[in-house]
Amino acid sequence: MTVHLETLTERGAPALAVVFPHAGGSPRFFASWSSSLSGSFDLAGMTYPGRDALLDVPPATGIRSLAVDCAAELEPSVRARPVVLFGHSMGAYVAFETARLLEGAGLPVAGLVAGGADAPSRETDERWHLASDIELADHIGALDPKSRAVLAQPALARIFLPTIRADYRLVETYRADPGSTVSCSTVVVCGDSDPEVTPDGIARWTAHAPGDCRFRFASGGHFDLVAEPFEVYRCLDEGLGTRGG
């Protein structure tokens, strides 16, 4: 088993929201959503290699190969009820590629919500996966101040930084072909002071979701979408089609 779909709520809701975490993240990061998410959804999260129950599993070799495993893991859920994928940062790319694979297999998802990420065909010269441990920890701490205290502890840094570095390598070596598309409803949501996105990078999502691509902006930075997720909840409802655009 290289990925695992972790159930966060099981209330018999008509649809399922699946979160694809950011670099270094796991479904546990989203567990607090279970008490406030719309009753339209149950909540699950994708566990990638190298964390939680998959701590000893070697890291993925690429975003696309990771998506292959995620699509296979999600197939029973997609067959059972409508599924909306939410990917944050790195997770937006994994969710996008997973949606493409499912659609290609005749198993369309109900919607895709991409949070805090430029379009998959964006160009980047960032190489944080080659940075020193101190530089990488400082970068993570600037994006998520809660992580700063954790990574300042050497024992915890030794546990978490290798996984974070491996995930950054996936992100920084990934670039989708500009012609790669999904046909599902797609909502792109970003914090209005998120340093990880650019206006041009966000706008280029329309090339990847030519049928229905909408944009939403929330107050705050890169991780405020997760800490105060009510704009994401509205986007999930939009992806499912329960609210207008």
# chains A, B, ... in the order shown; residues from 1 in each chain; ligands from 1
call {"tool": "select_by_dssp", "arguments": {"residues": "stretch 60-117 of chain A", "states": "helix (DSSP H, G or I)", "output": "ChimeraX atom specification"}}
result
/A:63-80,90-104
call {"tool": "residues_around", "arguments": {"residues": "A:Ser147", "least_positions_apart": "3", "cutoff": "12 Å", "atoms": "only C-alpha atoms", "output": "list in words"}}
result
Gly24, Gly25, Phe29, Leu136, Ala137, Asp138, His139, Ile140, Gly141, Ala142, Leu143, Asp144, Val150, Leu151, Ala152, Gln153, Leu156, Ala157, Phe160, Leu161, Ile164 and Phe223 of chain A
call {"tool": "closest_atom_pairs", "arguments": {"of": "stretch 69-142 of chain A", "to": "stretch 173-185 of chain A", "cutoff": "10 Å", "atoms": "only C-alpha atoms", "output": "tab-separated table"}}
result
residue	atom	partner	partner_atom	distance
A:Val84	CA	A:Ser185	CA	9.4
A:Met90	CA	A:Tyr174	CA	9.9
A:Tyr93	CA	A:Tyr174	CA	8.7
A:Phe96	CA	A:Val182	CA	7.5
A:Glu97	CA	A:Val182	CA	8.7
A:Thr98	CA	A:Val182	CA	9.8
A:Ala99	CA	A:Val182	CA	6.8
A:Arg100	CA	A:Val182	CA	5.6
A:Leu101	CA	A:Val182	CA	9.2
A:Leu102	CA	A:Val182	CA	9.8
A:Glu103	CA	A:Val182	CA	7.5
A:Gly104	CA	A:Val182	CA	9.3
A:Pro108	CA	A:Cys184	CA	7.2
A:Val109	CA	A:Cys184	CA	6.6
A:Ala110	CA	A:Cys184	CA	6.3
A:Gly111	CA	A:Ser185	CA	4.8
A:Leu112	CA	A:Ser185	CA	6.3
A:Val113	CA	A:Ser185	CA	8.5
A:Ala119	CA	A:Ala176	CA	8.7
A:Pro120	CA	A:Ala176	CA	5.2
A:Ser121	CA	A:Ala176	CA	4.6
A:Arg122	CA	A:Arg175	CA	6.6
A:Glu123	CA	A:Arg175	CA	7.1
A:Thr124	CA	A:Arg175	CA	8.7
A:Asp125	CA	A:Thr173	CA	9.4
A:Glu126	CA	A:Thr173	CA	9.4
A:Arg127	CA	A:Thr173	CA	8.8
A:His129	CA	A:Thr173	CA	9.7
call {"tool": "atom_distance", "arguments": {"atom1": "atom CA of A:Glu238", "atom2": "atom CA of A:Gly221"}}
result
22.1 Å
call {"tool": "atom_distance", "arguments": {"atom1": "atom CA of A:Arg81", "atom2": "atom CA of A:Phe41"}}
result
10.4 Å
call {"tool": "closest_residue", "arguments": {"among": "A:Gly211, A:Pro154, A:Gly116, A:Gly220", "to": "A:Ala92", "atoms": "only C-alpha atoms"}}
result
A:Gly116
call {"tool": "select_by_dssp", "arguments": {"residues": "stretch 78-143 of chain A", "states": "strand (DSSP E or B)", "output": "list of chain:residue names"}}
result
A:Val83, A:Val84, A:Leu85, A:Phe86, A:Gly87, A:His88, A:Gly111, A:Leu112, A:Val113, A:Ala114, A:Gly115
call {"tool": "atom_distance", "arguments": {"atom1": "atom CA of A:Leu54", "atom2": "atom CA of A:Asp118"}}
result
28.1 Å
call {"tool": "closest_residue", "arguments": {"among": "A:Pro199, A:Gly50, A:Pro76, A:Gly91", "to": "A:Arg64", "atoms": "only C-alpha atoms"}}
result
A:Gly91
call {"tool": "residues_around", "arguments": {"residues": "stretch 225-227 of chain A", "least_positions_apart": "2", "cutoff": "10 Å", "atoms": "only C-alpha atoms", "output": "list in words"}}
result
Phe29, Phe30, Ser32, Trp33, His88, Gly115, Gly116, Val189, Cys190, Gly191, Asp194, Phe217, Ala218, Ser219, Gly220, Gly221, His222, Phe223, Pro229, Phe230, Glu231, Val232 and Tyr233 of chain A
call {"tool": "closest_atom_pairs", "arguments": {"of": "stretch 152-188 of chain A", "to": "stretch 10-22 of chain A", "cutoff": "10 Å", "atoms": "only C-alpha atoms", "output": "Markdown table"}}
result
| residue | atom | partner | partner_atom | distance |
| --- | --- | --- | --- | --- |
| A:Ile164 | CA | A:His22 | CA | 9.3 |
| A:Asp167 | CA | A:His22 | CA | 8.4 |
| A:Tyr168 | CA | A:His22 | CA | 9.5 |
| A:Val171 | CA | A:His22 | CA | 9.9 |
call {"tool": "write_last_selection", "arguments": {"atoms": "all heavy atoms", "output": "tab-separated table (two decimals), in the first residue's frame"}}
result
chain	number	residue	atom	x	y	z
A	164	ILE	N	9.16	16.50	4.25
A	164	ILE	CA	8.89	17.80	3.63
A	164	ILE	C	9.79	18.00	2.41
A	164	ILE	O	9.35	18.44	1.35
A	164	ILE	CB	9.09	18.93	4.65
A	164	ILE	CG1	8.04	18.84	5.76
A	164	ILE	CG2	9.02	20.29	3.96
A	164	ILE	CD1	8.28	19.78	6.92
A	167	ASP	N	8.66	15.92	-0.52
A	167	ASP	CA	7.46	16.49	-1.14
A	167	ASP	C	7.80	17.73	-1.97
A	167	ASP	O	7.25	17.92	-3.06
A	167	ASP	CB	6.43	16.85	-0.07
A	167	ASP	CG	5.73	15.63	0.51
A	167	ASP	OD1	5.95	14.52	-0.01
A	167	ASP	OD2	4.96	15.78	1.47
A	168	TYR	N	8.69	18.56	-1.47
A	168	TYR	CA	9.10	19.74	-2.24
A	168	TYR	C	9.78	19.33	-3.54
A	168	TYR	O	9.62	20.00	-4.57
A	168	TYR	CB	10.01	20.64	-1.40
A	168	TYR	CG	9.28	21.76	-0.72
A	168	TYR	CD1	8.62	21.54	0.48
A	168	TYR	CD2	9.21	23.03	-1.28
A	168	TYR	CE1	7.92	22.55	1.11
A	168	TYR	CE2	8.52	24.06	-0.67
A	168	TYR	CZ	7.88	23.82	0.54
A	168	TYR	OH	7.17	24.82	1.15
A	171	VAL	N	7.01	18.68	-6.00
A	171	VAL	CA	6.38	19.91	-6.49
A	171	VAL	C	7.29	20.65	-7.46
A	171	VAL	O	6.86	21.09	-8.54
A	171	VAL	CB	6.01	20.84	-5.31
A	171	VAL	CG1	5.47	22.16	-5.83
A	171	VAL	CG2	4.99	20.18	-4.41
